[in-house]
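Reading through the structure tokens given below for one structure.
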Amino acid sequence: MKTAEIKRRYLAHFEANGHAVVPSAPLPAISDPNLLFVNAGMVQFVPYFLGQQTPPYSRAVSVQKCIRTPDIDEVGKTSRHGTFFQMNGNFSFGDYFKDGAIPFAWELSTKSVSDGGFGLDPERIWATVYLDDDEAYDIWLRTGVPAERIVRRGKKDNFWSMGIPGPAGPCSELYYDRGPEYGAEGGPEVDEDRYLEFWNLVFMQYEIADVRSKEQFRIVGELPKKNIDTGMGLERMASILQGVDNLYEIDEVRPILERAAELTGKRYGAHSGQAANQSHPDDVRLRVVADHVRTALMLIGDGVAPSNEGRGYVLRRIMRRAIRSVRLLGWQERALPELLPVARDCMAPSYPELAADFDRISAYAYAEEDAFLATLRAGTTILDTAITETKSAGKPALSGDKAFQLHDTYGFPIDLTLEIAAEQGLDVDREGFRRLMADQRARAKADAQARKTGHTDLSAYRSVLDAGGPVTFTGYTETARESTVRAVLGTDGPRAAAVEGDLVELVLDTTPFYAEGGGQQPDLGMITVGGGQVEVLDVQQPVPGLIVHRARVIRGEVRTGETGYAEIDTSRRRAISRSHTATHLVHQTMRNFLGESATQAGSLNAPGRLRFDFNTATGVAPSVLRDVEQQVNEVLLADLEVHAFVTSLDEARRIGAMALFGEKYGEQVRVVEVGDYARELCGGTHVSRSGQLGLVKILSESSIGSGVRRVEALVGMDAFNFLAREHLLVSRLAELYRVPSEQVADRVEQTVTQLRDAEKELEKLRAQLVLGGAAAFAAQAKDVRGVAYVGIEAPEGAAGNDVRTLAQEVRGRIDPARPGVVAVAARSNGKASLVVSVNPAARSRGLAANDLVKAAFSGRGGGSPDLAQGGGLPESEVPTLLLTVEKAIAEA
């Protein structure tokens with residue numbers, strides 16, 4: 001049975017039993033700040049389980065795309081580990097419980113294929129229950145599973161929690177006996193390779209606290225409303241129903257693996273469900289390729305683009321592991337154009353959007369592979385130099401800061417650094433690397449957290465939300481209103497009052513202030529409360545539904561419970577709204593010229609200016625940018641009506657409203673239309689007509705990462721003022737050159753060319769001046785214990801290349817039969833530098849240029865035994881440097 005068919009039957013079974021079919025959430029876990037990716041079927045239902053939101057249905061069923069990366073290094077080594085997988089799940093929110101969930105699972109598993117089931121042999125199914133869960137045990141008995149195939153297991157295996165205080169409960173798992181050829185008799189307790197788990201039923205009936213580990217927690221009591229969360233591994237069920245040994249052989253994976261094997265000329269062999277052990281490294285690498293190419297396809301399909309942080313970094317790492325594995329297997333050409341289409345064909349039966357959107361997906365993937373191959377070439381050269389220096393210094397390990405530099409500056413993967421260093425007999429200071437990475441992440445996390453929460457504990461926000469419910473936002477229709485102060489928060493939590501000079505956070509019951517989000521900057525303004533007044537400096541939404549005003553009390557006192565008057569800065573709001581509407585127009589126009597793949601990847605809507613990031617594999621030609629700008633301004637001249645309305649997500653899709661990749665939308669969405677020109681899902685504020693934007697002027701277009709470009713533009717009076725300044729500048733240049741304005745560019749280009757030619761001539765003259773005395777310097781060499789030593793200072797103004805050339809030129813003028821050392825010092829910007837050159841005869845005497853430089857700079861500096869350099873000391877040290885080299889020669 002094909003995997004797509006397993007999915008269809010699962011959904012049909014539960015839909016027939018009253019479950020609402022819920023689409024898979026996008027892989028990026030947008031609504032959960034603790035997750036990068038959705039890693040289980042229940043993630044999108046967490047707000048219902050926690051009681052934060054009321055579910056729109058009492059029963060639900062889904063097939064959720066999932067990513068799990070903690071075991072990424074185990075991929076390929078076992079038959080069960082994979083980064084991407086699909087979780088079939090059925091859920092009950094206070095409706096049925098164990099007596100419903102267990103029969104549902106049993107019926108679908110054992111019902112005949114002709115009747116719509118999976119047709120598993122009931123005699124080969126085992127069930128596990130929690131140690132004291134007699135209720136589940138008795139239901140399994142009544143269902144038809146004999147007592148000898150029902151196993152009681154402890155907290156580690158059969159009790160579930162989210163790892164935090166909250167809902168939890170016992171589990172019941174289903175296992176399928178694959179037969180004696182897979183392992184020993186005795187059930188799941190004896191061998192989980194032979195007895196393969198394929199379904200887990202979680203009964204959320206308790207509330208737990210003091211969670212310390214999977215086996216250590218305290219049960220507070222039973223929940224009044226009990227929920228069901230079950231998950232059936234789609235890949236595992238596919239392996240059972242397709243009669244294959246492991247997930248790499250199911251229909252959605254094996255063709256990718258076989259194509260990789262064909263490309264590399266390697267033979268793939270399954271190992272009867274056992275690990276592809278280290279005696280079969282090619283099997284492991286082929287499995288890595290198959291898993292990671294499929295994972296990359298799904299991630300890019302859900303809007304993730306390769307980058308150096310967050311989800312994009314995980315995608316980049318997965319893609320690079322796949323590309324690196326293919327190269328280690330012997331394939332040196334571009335691999336993804338050969339493999340990604342195979343993955344598409346495997347997954348499209350379940351996710352047809354992958355085929356429809358493949359041009360965009362492949363553009364990102366292929367561009368990332370090209371960039372990585374360039375990184376390999378550049379990074380390998382830099383790493384080779386670092387390895388040479390490390391070995392020359394007699395050190396056993398490459399420094400952590402060098403490994404971090406390779407990773408952070410050049411994008412060179414740490415695992416590749418480890419591998420290449422090991423090939424050269426060197427270790428890497430992994431602890432130093434991890435520390436630098438941790439420091440970098442901590443800084444970024446602290447900055448982001450401070451921006452979002454103002455250092456206040458999230459529990460304080462949740463308490464305010466629980467006590468009063470969501471804050472009502474009225475800013476679409478009004479800019480000022482009366483409101484009640486629901487809470488005053490300081491850095492230490494809720495406060496009764498705040499006085500003049502205090503920086504606090506205010507929560508109102510209703511507010512016209514827009515909280516930063518969707519790329520739009522927040523509203524600023526004033527809130528007057530009784531005899532007090534506060535200046536609003538920032539507005540954020542730290543938890544969904546709660547709008548928080550960061551403010552400074554500038555007069556009097558503000559107390560919780562008082563009524564106040566909230567008024568936004570309307571000129572700022574109007575300017576931001578113009579920028580936001582302009583962003584929609586730029587987005588739509590980019591798609592008009594570049595195609596549907598030019599989707600938004602980020603934005604900033606600020607007063608008078610906008611920044612729009614979009615996905616595209618290549619740069620945008622200046623001529624296209626001009627056309628985009630012209631078309632946007634034609635829309636402004638048309639003065640189209642801007643209309644916002646709320647509708648269902650299905651209806652919004654039907655009318656062609658653009659949605660952002662990776663965003664999680666509810667059943668009701670807000671659509672913003674600019675006439676018939678642009679239609680997009682958006683929660684921001686906008687102008688009422690396009691003509692109110694006045695003018696849009698695109699300033700620049702540039703790359704901000706692999707496959708992501710950025711356009712920056714000015715809007716309204718800021719655009720007019722910019723053009724006015726440009727006009728004055730061009731007029732002044734025309735006056736200076738005494739030419740018409742349209743000829744200014746040609747004259748400037750001509751002047752720049754002349755200057756560059758003059759600089760080249762000056763460089764030639766300087767080089768001739770510097771080298772002109774080489775023969776005389778060599779003739780004046782001092783004898784130092786039989787070594788001809790020339791220690792000189794380079795002429796003033798000599799460039800770094802000239803200094804090195806002079807040292808080598810003087811060395812070449814010394815009799816090659818005589819040991820010779822040349823040291824040339826130079827002064828530049830208040831600092832002293834030194835170049836040392838040593839001829840072969842001196843090398844035979846044991847003299848090395850890098851050693852002499854390090855002697856002069858107390859161990860710093862570097863290069864080769866023939867030519868080395870150092871720098872950084874004050875320029876007054878030039879004479880000392882030359883004497884130190886002479887002394888080192890004398891003592892050698």
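We label chains A, B, ... in the order they appear in the structure tokens, count residues from 1 in each chain, and number ligands from 1 in the order shown.
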
Practice prompt. Could you tell me, as a PyMOL selection string, which residues of segment 393-561 of chain A DSSP assigns to strand (DSSP E or B) when given the backbone?
Written response: chain A and resi 397-398+427-428+472-473+480-490+493-495+497-499+503-508+510-511+517+520+525-529+532-543+546-555+557-559

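Atom CA of Pro865 of chain A lies 9.7 Å from atom CA of Pro840 of chain A.
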
Discussion item. At a cut-off of 12 Å, using only C-alpha atoms, what residues contact segment 132-144 of chain A? Leave out same-chain residues fewer than 2 positions from it and give the result as a ChimeraX atom specification.
Written reply: /A:97-107,110,122-123,125-130,146-155,158-159,169-174,201-203,205

Restricted to N, CA and C atoms, what would the selected residues look like written as a CSV table (one decimal), in the first residue's frame?
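What ended up in result29.csv:
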```
chain,number,residue,atom,x,y,z
A,97,PHE,N,-12.9,9.4,25.3
A,97,PHE,CA,-11.6,9.2,26.0
A,97,PHE,C,-11.1,7.8,25.6
A,98,LYS,N,-10.6,7.0,26.6
A,98,LYS,CA,-9.9,5.8,26.3
A,98,LYS,C,-10.9,4.8,25.6
A,99,ASP,N,-12.1,4.8,26.1
A,99,ASP,CA,-13.1,3.8,25.5
A,99,ASP,C,-13.4,4.1,24.0
A,100,GLY,N,-13.1,5.3,23.5
A,100,GLY,CA,-13.3,5.6,22.1
A,100,GLY,C,-12.0,5.5,21.3
A,101,ALA,N,-10.9,6.0,21.9
A,101,ALA,CA,-9.6,6.0,21.2
A,101,ALA,C,-9.1,4.6,20.9
A,102,ILE,N,-9.2,3.7,21.9
A,102,ILE,CA,-8.6,2.4,21.7
A,102,ILE,C,-9.4,1.6,20.6
A,103,PRO,N,-10.7,1.6,20.6
A,103,PRO,CA,-11.4,0.9,19.5
A,103,PRO,C,-11.2,1.5,18.1
A,104,PHE,N,-11.1,2.9,18.1
A,104,PHE,CA,-10.8,3.5,16.8
A,104,PHE,C,-9.5,3.0,16.2
A,105,ALA,N,-8.5,2.9,17.0
A,105,ALA,CA,-7.1,2.5,16.5
A,105,ALA,C,-7.2,1.0,16.1
A,106,TRP,N,-7.8,0.2,16.9
A,106,TRP,CA,-7.9,-1.2,16.6
A,106,TRP,C,-8.6,-1.5,15.3
A,107,GLU,N,-9.8,-0.8,15.2
A,107,GLU,CA,-10.6,-1.0,14.0
A,107,GLU,C,-9.8,-0.7,12.7
A,110,THR,N,-6.9,-3.2,12.0
A,110,THR,CA,-7.2,-4.6,11.6
A,110,THR,C,-8.3,-4.8,10.6
A,122,PRO,N,-4.4,-9.3,13.4
A,122,PRO,CA,-4.6,-9.0,14.8
A,122,PRO,C,-3.8,-9.9,15.7
A,123,GLU,N,-3.4,-11.0,15.2
A,123,GLU,CA,-2.6,-11.9,16.1
A,123,GLU,C,-1.2,-11.5,16.2
A,125,ILE,N,-0.4,-8.1,16.7
A,125,ILE,CA,-0.4,-6.8,17.3
A,125,ILE,C,-0.3,-6.9,18.8
A,126,TRP,N,0.6,-6.2,19.4
A,126,TRP,CA,0.8,-6.1,20.9
A,126,TRP,C,0.4,-4.7,21.3
A,127,ALA,N,0.0,-4.6,22.6
A,127,ALA,CA,-0.4,-3.3,23.2
A,127,ALA,C,0.4,-3.1,24.5
A,128,THR,N,0.8,-1.9,24.7
A,128,THR,CA,1.4,-1.6,26.0
A,128,THR,C,0.6,-0.6,26.7
A,129,VAL,N,0.5,-0.6,28.0
A,129,VAL,CA,-0.2,0.3,28.8
A,129,VAL,C,0.7,0.8,30.0
A,130,TYR,N,0.3,1.9,30.6
A,130,TYR,CA,1.0,2.4,31.8
A,130,TYR,C,0.8,1.4,33.0
A,146,PRO,N,-5.4,-10.5,23.7
A,146,PRO,CA,-5.2,-11.4,24.8
A,146,PRO,C,-4.2,-10.8,25.8
A,147,ALA,N,-4.4,-11.2,27.1
A,147,ALA,CA,-3.6,-10.7,28.2
A,147,ALA,C,-2.1,-10.8,28.0
A,148,GLU,N,-1.7,-11.9,27.3
A,148,GLU,CA,-0.3,-12.2,27.1
A,148,GLU,C,0.3,-11.2,26.1
A,149,ARG,N,-0.5,-10.5,25.4
A,149,ARG,CA,0.1,-9.5,24.4
A,149,ARG,C,-0.2,-8.1,24.9
A,150,ILE,N,-0.6,-7.9,26.1
A,150,ILE,CA,-0.7,-6.6,26.7
A,150,ILE,C,0.3,-6.4,27.8
A,151,VAL,N,1.2,-5.4,27.6
A,151,VAL,CA,2.4,-5.3,28.5
A,151,VAL,C,2.3,-4.0,29.3
A,152,ARG,N,2.5,-4.1,30.6
A,152,ARG,CA,2.5,-2.9,31.4
A,152,ARG,C,4.0,-2.4,31.5
A,153,ARG,N,4.1,-1.0,31.2
A,153,ARG,CA,5.5,-0.4,31.2
A,153,ARG,C,5.4,0.9,32.1
A,154,GLY,N,6.6,1.3,32.5
A,154,GLY,CA,6.8,2.4,33.4
A,154,GLY,C,6.7,3.8,32.8
A,155,LYS,N,7.1,4.8,33.6
A,155,LYS,CA,7.0,6.2,33.2
A,155,LYS,C,7.9,6.5,32.0
A,158,ASN,N,5.7,4.8,29.0
A,158,ASN,CA,4.3,4.9,28.8
A,158,ASN,C,3.6,6.0,29.7
A,159,PHE,N,4.3,7.1,29.8
A,159,PHE,CA,3.7,8.2,30.5
A,159,PHE,C,4.2,9.5,29.7
A,169,GLY,N,-0.4,12.5,30.9
A,169,GLY,CA,-1.2,11.3,31.2
A,169,GLY,C,-0.5,10.0,30.7
A,170,PRO,N,-1.1,8.9,31.0
A,170,PRO,CA,-0.5,7.6,30.5
A,170,PRO,C,-0.7,7.4,29.0
A,171,CYS,N,0.1,6.5,28.5
A,171,CYS,CA,0.1,6.2,27.1
A,171,CYS,C,-0.3,4.7,26.9
A,172,SER,N,-0.8,4.5,25.7
A,172,SER,CA,-0.9,3.1,25.3
A,172,SER,C,-0.4,3.0,23.9
A,173,GLU,N,0.5,2.1,23.7
A,173,GLU,CA,1.2,2.0,22.4
A,173,GLU,C,0.9,0.7,21.7
A,174,LEU,N,0.8,0.7,20.4
A,174,LEU,CA,0.6,-0.5,19.6
A,174,LEU,C,1.9,-0.9,18.9
A,201,LEU,N,-1.2,6.2,21.8
A,201,LEU,CA,-2.4,6.9,22.2
A,201,LEU,C,-2.1,7.5,23.6
A,202,VAL,N,-2.2,8.8,23.7
A,202,VAL,CA,-2.0,9.6,24.9
A,202,VAL,C,-3.3,10.0,25.5
A,203,PHE,N,-3.4,9.7,26.8
A,203,PHE,CA,-4.6,10.0,27.5
A,203,PHE,C,-4.3,11.1,28.5
A,205,GLN,N,-5.1,13.0,31.3
A,205,GLN,CA,-6.1,13.0,32.4
A,205,GLN,C,-5.5,13.6,33.6
```

Worksheet entry | Gly166 of chain A surroundings by only C-alpha atoms, 10 Å radius, close-in-sequence under 6 positions cut, as a list in words |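 My reading of the contact set: Phe49, Leu50, Met204, Tyr206, Glu207, Ile208, Ala209, Asp210, Val211, Ile219, Val220 and Leu223 of chain A.
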
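Across A:Val787, A:Ala305, A:Val836, A:Ala758, the tightest approach to Glu891 of chain A is made by A:Val787 when counting only C-alpha atoms.
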
Fill in: All residues 8 Å or closer to Glu500 of chain A, only C-alpha atoms, same chain fewer than 3 positions away omitted, as a VMD selection string
chain A and resid 552 to 557

C-alpha atoms of the current selection, written as a compact mmCIF listing (two decimals), in the first residue's frame:
```txt
# COMPACT_ATOMS: atom_id res chain seq x y z
CA ARG A 552 7.55 56.43 30.59
CA VAL A 553 5.51 58.33 33.18
CA ILE A 554 6.21 61.98 32.37
CA ARG A 555 3.76 63.54 34.81
CA GLY A 556 1.84 62.55 37.93
CA GLU A 557 0.85 58.99 38.82
```

Worksheet entry | Polymer residues at most 12 Å from Gly330 of chain A, only C-alpha atoms, same-chain spacing of 5 or more positions, as a ChimeraX atom specification | /A:260-266,282,285-286,323-325,335

Selected residues, N, CA, C and O atoms, written as a PDB file, in the first residue's frame, please.
```
ATOM      1  N   ALA A 260      20.687   8.233  -5.929  1.00  0.00           N
ATOM      2  CA  ALA A 260      21.982   8.609  -5.369  1.00  0.00           C
ATOM      3  C   ALA A 260      22.995   7.490  -5.568  1.00  0.00           C
ATOM      4  O   ALA A 260      24.170   7.731  -5.894  1.00  0.00           O
ATOM      5  N   ALA A 261      22.557   6.259  -5.385  1.00  0.00           N
ATOM      6  CA  ALA A 261      23.447   5.119  -5.591  1.00  0.00           C
ATOM      7  C   ALA A 261      23.863   5.004  -7.055  1.00  0.00           C
ATOM      8  O   ALA A 261      25.021   4.706  -7.377  1.00  0.00           O
ATOM      9  N   GLU A 262      22.928   5.284  -7.950  1.00  0.00           N
ATOM     10  CA  GLU A 262      23.227   5.227  -9.384  1.00  0.00           C
ATOM     11  C   GLU A 262      24.250   6.289  -9.771  1.00  0.00           C
ATOM     12  O   GLU A 262      25.188   6.020 -10.540  1.00  0.00           O
ATOM     13  N   LEU A 263      24.090   7.511  -9.241  1.00  0.00           N
ATOM     14  CA  LEU A 263      25.018   8.597  -9.554  1.00  0.00           C
ATOM     15  C   LEU A 263      26.431   8.265  -9.104  1.00  0.00           C
ATOM     16  O   LEU A 263      27.410   8.535  -9.809  1.00  0.00           O
ATOM     17  N   THR A 264      26.547   7.721  -7.908  1.00  0.00           N
ATOM     18  CA  THR A 264      27.859   7.532  -7.290  1.00  0.00           C
ATOM     19  C   THR A 264      28.475   6.174  -7.587  1.00  0.00           C
ATOM     20  O   THR A 264      29.638   5.937  -7.237  1.00  0.00           O
ATOM     21  N   GLY A 265      27.682   5.300  -8.207  1.00  0.00           N
ATOM     22  CA  GLY A 265      28.217   3.973  -8.502  1.00  0.00           C
ATOM     23  C   GLY A 265      28.353   3.093  -7.277  1.00  0.00           C
ATOM     24  O   GLY A 265      29.070   2.090  -7.299  1.00  0.00           O
ATOM     25  N   LYS A 266      27.639   3.448  -6.207  1.00  0.00           N
ATOM     26  CA  LYS A 266      27.693   2.657  -4.976  1.00  0.00           C
ATOM     27  C   LYS A 266      26.525   1.684  -4.947  1.00  0.00           C
ATOM     28  O   LYS A 266      25.472   1.920  -5.534  1.00  0.00           O
ATOM     29  N   ASP A 282      29.199   3.554   3.032  1.00  0.00           N
ATOM     30  CA  ASP A 282      28.504   4.031   1.841  1.00  0.00           C
ATOM     31  C   ASP A 282      27.003   3.961   2.037  1.00  0.00           C
ATOM     32  O   ASP A 282      26.252   4.835   1.590  1.00  0.00           O
ATOM     33  N   ARG A 285      25.899   6.928   4.155  1.00  0.00           N
ATOM     34  CA  ARG A 285      25.894   8.188   3.405  1.00  0.00           C
ATOM     35  C   ARG A 285      24.745   8.239   2.406  1.00  0.00           C
ATOM     36  O   ARG A 285      24.130   9.297   2.201  1.00  0.00           O
ATOM     37  N   LEU A 286      24.443   7.125   1.759  1.00  0.00           N
ATOM     38  CA  LEU A 286      23.322   7.108   0.824  1.00  0.00           C
ATOM     39  C   LEU A 286      22.008   7.389   1.547  1.00  0.00           C
ATOM     40  O   LEU A 286      21.139   8.101   1.038  1.00  0.00           O
ATOM     41  N   ILE A 323      24.837  17.274   0.314  1.00  0.00           N
ATOM     42  CA  ILE A 323      25.783  17.562  -0.770  1.00  0.00           C
ATOM     43  C   ILE A 323      27.154  17.005  -0.444  1.00  0.00           C
ATOM     44  O   ILE A 323      27.822  16.399  -1.298  1.00  0.00           O
ATOM     45  N   ARG A 324      27.610  17.187   0.802  1.00  0.00           N
ATOM     46  CA  ARG A 324      28.913  16.677   1.231  1.00  0.00           C
ATOM     47  C   ARG A 324      28.942  15.152   1.139  1.00  0.00           C
ATOM     48  O   ARG A 324      29.937  14.570   0.682  1.00  0.00           O
ATOM     49  N   SER A 325      27.845  14.505   1.529  1.00  0.00           N
ATOM     50  CA  SER A 325      27.796  13.031   1.486  1.00  0.00           C
ATOM     51  C   SER A 325      27.902  12.525   0.062  1.00  0.00           C
ATOM     52  O   SER A 325      28.598  11.539  -0.214  1.00  0.00           O
ATOM     53  N   ALA A 335      24.614  17.930  -7.511  1.00  0.00           N
ATOM     54  CA  ALA A 335      23.840  16.732  -7.164  1.00  0.00           C
ATOM     55  C   ALA A 335      22.340  16.991  -7.098  1.00  0.00           C
ATOM     56  O   ALA A 335      21.533  16.144  -7.480  1.00  0.00           O
TER      57      ALA A 335
END
```

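Of the listed residues (A:Ile240, A:Met87, A:Val293, A:Val326), A:Ile240 comes nearest to Leu196 of chain A; the distances count only C-alpha atoms.
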
Practice prompt. List the neighbours of segment 507-518 of chain A out to 10 Å using only C-alpha atoms; skip same-chain residues closer than 6 positions along the sequence, and give me the result as an MDAnalysis selection string.
Written response: chainID A and resid 452 461 464:465 468:489 524:526 536 538:542 546:550 560:569 573 580 602:605 682:685

Worksheet item: A:Ser459, A:Gln242, A:Ser597, A:Ser828: which is nearest Tyr364 of chain A, counting only C-alpha atoms?
Response: A:Ser597

Worksheet item: Looking at A:Tyr195, A:Phe645, A:Phe118, A:Phe91, which one is nearest to His19 of chain A, with distances taken over only C-alpha atoms?
Response: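 Of the candidates, the smallest distance to His19 of chain A is held by A:Phe91.
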